[in-house]
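Peer 1: Input: one structure, supplied below.
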Amino acid sequence: MSENIIYCYSGSGHCLDMAKSIARALGDTDIVLMRSFPAVTDTTGAKRVGFVFPCYGGGLPGDVEEYVKAIHIEPGTYTFAVEQFAGYMGCGLHKIDEIVDLDYWNTISNHSTCIWLMPHTLTFPPTSKDKAQLRLNITAAEVAAAVKAMKRSDKKPPKKAFFALESKGFSGMHAARSKKFAANGSCIGCGTCVRICPRGNIQIARGKPSFGTNCIGCLSCVQFCPKGAINVGKITEKRERFPNPNIKAAELSEKVIHID
């Protein structure tokens, strides 16, 4: 068992990049991906247990809430969480705090990767890709220093009950929206989308991806397609992709990433 464990959900790579930055500062850290049921649920022996995740539709992405409930954390273990969001933090931190009783938490605004809804440039405050990455690096360093010192936040994450309702409605939209996924003529049938999909929702048929309805809404297939060939209806055709430049698509399919 590593000294530190960070549970991470990441669709476009930004949260995984932050988790890796924090892990490098802490040393001896296992990053356990939560795009599917986590490979490690017993954290007995860990000194610190953290969570890094984005805001999806006002709440937690996918089945993350249920995954967190399945994780065993010994009493007295230091716990922390960091949330990334484009416009508002929603209720995700509150949901995790209800389950694990967080000692420390922090947030950072970053570019939207939900480009079927809004362009990634619509973030608050507005900023360029380079400045967004710099802000991520600075925040990761601040979080790592706080976690290393086992700092405690002076208040609990806000409940924001309205966003719990939004999140419930948002999650129900995925199956309907998945019918709009399609690959255009730029597709080379490389299979990146198949390998990166956490739900096994994509198959290659006649050299092109075929999309099912078991969609978690991570948009990894859209963001990491090397040809930018996958769209969600026509609205994303002219919208720029923004996968994290420090993360490779294959890393999102890992179960555990160890950082010494």
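Chain labels A, B, ... are given in the sequence in which chains occur in the structure tokens; within each chain residues are numbered consecutively from 1, and ligands are likewise numbered from 1 in the order shown.
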I'd like the contact shell of segment 203-218 of chain A - 7 Å cut-off, only C-alpha atoms, skipping same-chain residues fewer than 5 positions apart - returned as an MDAnalysis selection string.

Peer 2: chainID A and resid 11 62 174:175 178:179 181 183 187 189 191 194

Peer 1: Print the selection's residues with N, CA, C and O atoms to a file, as a PDB file, in the first residue's frame.

Peer 2:
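As a result, result00.pdb now contains:
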```pdb
ATOM      1  N   GLY A  11     -12.135  13.072 -17.709  1.00  0.00           N
ATOM      2  CA  GLY A  11     -12.639  12.821 -19.045  1.00  0.00           C
ATOM      3  C   GLY A  11     -11.726  13.377 -20.118  1.00  0.00           C
ATOM      4  O   GLY A  11     -11.423  12.722 -21.111  1.00  0.00           O
ATOM      5  N   GLY A  62     -20.819  10.489 -13.658  1.00  0.00           N
ATOM      6  CA  GLY A  62     -21.063   9.057 -13.734  1.00  0.00           C
ATOM      7  C   GLY A  62     -21.512   8.428 -12.429  1.00  0.00           C
ATOM      8  O   GLY A  62     -22.401   8.922 -11.730  1.00  0.00           O
ATOM      9  N   HIS A 174     -27.844  11.326 -20.956  1.00  0.00           N
ATOM     10  CA  HIS A 174     -26.755  10.710 -21.708  1.00  0.00           C
ATOM     11  C   HIS A 174     -27.233   9.741 -22.798  1.00  0.00           C
ATOM     12  O   HIS A 174     -26.729   9.751 -23.916  1.00  0.00           O
ATOM     13  N   ALA A 175     -28.191   8.888 -22.455  1.00  0.00           N
ATOM     14  CA  ALA A 175     -28.659   7.904 -23.430  1.00  0.00           C
ATOM     15  C   ALA A 175     -29.251   8.585 -24.657  1.00  0.00           C
ATOM     16  O   ALA A 175     -28.981   8.188 -25.797  1.00  0.00           O
ATOM     17  N   SER A 178     -26.461  10.257 -26.700  1.00  0.00           N
ATOM     18  CA  SER A 178     -25.528   9.345 -27.362  1.00  0.00           C
ATOM     19  C   SER A 178     -25.990   8.984 -28.776  1.00  0.00           C
ATOM     20  O   SER A 178     -25.178   8.563 -29.614  1.00  0.00           O
ATOM     21  N   LYS A 179     -27.266   9.168 -29.057  1.00  0.00           N
ATOM     22  CA  LYS A 179     -27.760   8.902 -30.407  1.00  0.00           C
ATOM     23  C   LYS A 179     -27.222   9.914 -31.417  1.00  0.00           C
ATOM     24  O   LYS A 179     -27.299   9.686 -32.627  1.00  0.00           O
ATOM     25  N   PHE A 181     -24.024  10.949 -31.413  1.00  0.00           N
ATOM     26  CA  PHE A 181     -22.599  10.734 -31.651  1.00  0.00           C
ATOM     27  C   PHE A 181     -22.393  10.134 -33.035  1.00  0.00           C
ATOM     28  O   PHE A 181     -23.088   9.188 -33.428  1.00  0.00           O
ATOM     29  N   ALA A 183     -19.060   9.759 -36.312  1.00  0.00           N
ATOM     30  CA  ALA A 183     -17.721  10.078 -36.827  1.00  0.00           C
ATOM     31  C   ALA A 183     -17.844  10.539 -38.267  1.00  0.00           C
ATOM     32  O   ALA A 183     -18.563   9.933 -39.071  1.00  0.00           O
ATOM     33  N   CYS A 187     -12.376  10.314 -39.943  1.00  0.00           N
ATOM     34  CA  CYS A 187     -12.083   9.138 -39.119  1.00  0.00           C
ATOM     35  C   CYS A 187     -11.197   8.149 -39.866  1.00  0.00           C
ATOM     36  O   CYS A 187     -11.422   7.847 -41.046  1.00  0.00           O
ATOM     37  N   GLY A 189     -10.433   5.122 -38.324  1.00  0.00           N
ATOM     38  CA  GLY A 189     -10.703   3.814 -37.738  1.00  0.00           C
ATOM     39  C   GLY A 189      -9.599   3.308 -36.830  1.00  0.00           C
ATOM     40  O   GLY A 189      -9.380   2.096 -36.735  1.00  0.00           O
ATOM     41  N   GLY A 191      -9.371   3.270 -33.581  1.00  0.00           N
ATOM     42  CA  GLY A 191      -9.825   2.579 -32.380  1.00  0.00           C
ATOM     43  C   GLY A 191      -9.507   3.278 -31.070  1.00  0.00           C
ATOM     44  O   GLY A 191      -9.762   2.728 -29.997  1.00  0.00           O
ATOM     45  N   VAL A 194     -12.596   3.512 -28.995  1.00  0.00           N
ATOM     46  CA  VAL A 194     -13.002   2.222 -28.423  1.00  0.00           C
ATOM     47  C   VAL A 194     -12.225   1.946 -27.150  1.00  0.00           C
ATOM     48  O   VAL A 194     -12.789   1.564 -26.117  1.00  0.00           O
TER      49      VAL A 194
END
```

Peer 1: Find the residues near segment 65-77 of chain A: any atom within 9 Å, counting only C-alpha atoms, skip ones fewer than 3 places away on the same chain, and give them as a ChimeraX atom specification.

Peer 2: /A:7,34,36-38,40-49,60-62,92,95-96,99-100

Peer 1: Using only C-alpha atoms, which residues sit within 9 Å of Ile196 of chain A once same-chain residues fewer than 6 positions away are excluded, as an NGL selection string?

Peer 2: :A and (220-221 or 224 or 249-253)

Peer 1: Please measure the separation of atom CA of Ile230 of chain A and atom CA of Thr192 of chain A, giving the value in Å to one decimal.

Peer 2: 11.1 Å

Peer 1: Quick check for you: according to DSSP on this backbone, which residues of segment 20-236 of chain A are classed as helix (DSSP H, G or I)? Reply as a PyMOL selection string.

Peer 2: chain A and resi 20-26+64-69+92-100+129-148+161-171+174-178+192-196+220-224

Peer 1: Residues within 9 Å of Asp101 of chain A, please, as a PDB file with N, CA and C atoms, in the first residue's frame. Count only C-alpha atoms; anything in the same chain fewer than 2 positions from it doesn't count.

Peer 2:
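The resulting file, around16.pdb, is reproduced below:
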```
ATOM      1  N   THR A  79      -8.054  13.131   4.748  1.00  0.00           N
ATOM      2  CA  THR A  79      -8.791  13.089   3.486  1.00  0.00           C
ATOM      3  C   THR A  79      -8.880  14.482   2.864  1.00  0.00           C
ATOM      4  N   PHE A  80      -8.842  14.532   1.550  1.00  0.00           N
ATOM      5  CA  PHE A  80      -8.910  15.802   0.833  1.00  0.00           C
ATOM      6  C   PHE A  80      -9.575  15.607  -0.523  1.00  0.00           C
ATOM      7  N   ILE A  96     -19.247  14.225  -1.660  1.00  0.00           N
ATOM      8  CA  ILE A  96     -18.117  13.436  -1.185  1.00  0.00           C
ATOM      9  C   ILE A  96     -17.875  13.672   0.299  1.00  0.00           C
ATOM     10  N   ASP A  97     -18.023  14.918   0.720  1.00  0.00           N
ATOM     11  CA  ASP A  97     -17.824  15.236   2.143  1.00  0.00           C
ATOM     12  C   ASP A  97     -18.825  14.482   3.019  1.00  0.00           C
ATOM     13  N   GLU A  98     -20.050  14.318   2.536  1.00  0.00           N
ATOM     14  CA  GLU A  98     -21.055  13.567   3.290  1.00  0.00           C
ATOM     15  C   GLU A  98     -20.625  12.118   3.512  1.00  0.00           C
ATOM     16  N   ILE A  99     -19.844  11.590   2.568  1.00  0.00           N
ATOM     17  CA  ILE A  99     -19.447  10.185   2.633  1.00  0.00           C
ATOM     18  C   ILE A  99     -18.164   9.991   3.435  1.00  0.00           C
ATOM     19  N   ASP A 103     -11.157  16.477   5.328  1.00  0.00           N
ATOM     20  CA  ASP A 103     -10.363  17.378   6.165  1.00  0.00           C
ATOM     21  C   ASP A 103     -10.023  18.662   5.419  1.00  0.00           C
ATOM     22  N   LYS A 156     -17.018  23.566   5.801  1.00  0.00           N
ATOM     23  CA  LYS A 156     -17.427  22.459   4.961  1.00  0.00           C
ATOM     24  C   LYS A 156     -17.784  22.946   3.555  1.00  0.00           C
TER      25      LYS A 156
END
```

Peer 1: I need the residue nearest Tyr88 of chain A from this list: A:Tyr56, A:Ala176, A:Arg135, A:Asp260. Use only C-alpha atoms for the distance.

Peer 2: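 So, comparing all the options, the nearest one is A:Tyr56.
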
Peer 1: Give the strand (DSSP E) residues of segment 51-118 of chain A, as DSSP finds them on the backbone, and put them as a ChimeraX atom specification.

Peer 2: /A:51-54,78-85,104-109

Peer 1: In Å to one decimal, how far is atom CA of Lys227 of chain A from atom CA of Arg239 of chain A?

Peer 2: 13.4 Å

Peer 1: Mind pulling up the distance from atom CA of Lys248 of chain A to atom CA of Leu134 of chain A?

Peer 2: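 Computing it gives 18.7 Å between the two atoms.
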
Peer 1: Select, from A:Cys15, A:Pro126, A:Val147, A:Arg24, the residue with the minimum atom-to-atom distance to Glu83 of chain A, counting only C-alpha atoms.

Peer 2: A:Cys15

Peer 1: What's around Thr139 of chain A at 10 Å? Count only C-alpha atoms, leave out sequence neighbours fewer than 6 positions away in its own chain, and write the answer as a tab-separated table (two decimals) with N, CA, C and O atoms, in the first residue's frame.

Peer 2:
```
chain	number	residue	atom	x	y	z
A	18	MET	N	-3.87	17.14	-12.85
A	18	MET	CA	-3.77	17.71	-11.50
A	18	MET	C	-3.42	16.63	-10.48
A	18	MET	O	-2.57	16.84	-9.60
A	21	SER	N	0.19	15.85	-10.73
A	21	SER	CA	1.02	16.93	-10.19
A	21	SER	C	1.05	16.87	-8.65
A	21	SER	O	2.11	17.03	-8.03
A	22	ILE	N	-0.11	16.65	-8.06
A	22	ILE	CA	-0.17	16.52	-6.60
A	22	ILE	C	0.62	15.30	-6.14
A	22	ILE	O	1.37	15.35	-5.16
A	82	VAL	N	-10.31	17.82	-4.51
A	82	VAL	CA	-10.18	18.98	-5.40
A	82	VAL	C	-11.16	18.81	-6.55
A	82	VAL	O	-11.19	17.76	-7.19
A	106	ASN	N	-10.57	21.97	-2.02
A	106	ASN	CA	-10.23	23.13	-2.83
A	106	ASN	C	-10.92	23.00	-4.18
A	106	ASN	O	-11.40	21.92	-4.55
A	107	THR	N	-10.98	24.10	-4.93
A	107	THR	CA	-11.61	24.09	-6.25
A	107	THR	C	-10.75	24.90	-7.22
A	107	THR	O	-9.93	25.72	-6.82
A	108	ILE	N	-10.99	24.66	-8.50
A	108	ILE	CA	-10.34	25.45	-9.54
A	108	ILE	C	-11.26	25.50	-10.76
A	108	ILE	O	-11.86	24.50	-11.14
A	133	GLN	N	-3.63	26.23	-18.02
A	133	GLN	CA	-2.69	25.20	-17.58
A	133	GLN	C	-1.78	25.72	-16.48
A	133	GLN	O	-1.48	25.01	-15.51
A	145	ALA	N	0.99	21.28	-1.19
A	145	ALA	CA	1.63	21.82	0.02
A	145	ALA	C	0.68	21.72	1.20
A	145	ALA	O	1.09	21.36	2.32
```

Peer 1: Smallest atom-to-atom distance to Thr236 of chain A: which of A:His258, A:Leu136, A:Cys8, A:Val222, using only C-alpha atoms?

Peer 2: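 Comparing A:His258, A:Leu136, A:Cys8, A:Val222 against Thr236 of chain A, the winner is A:Val222.
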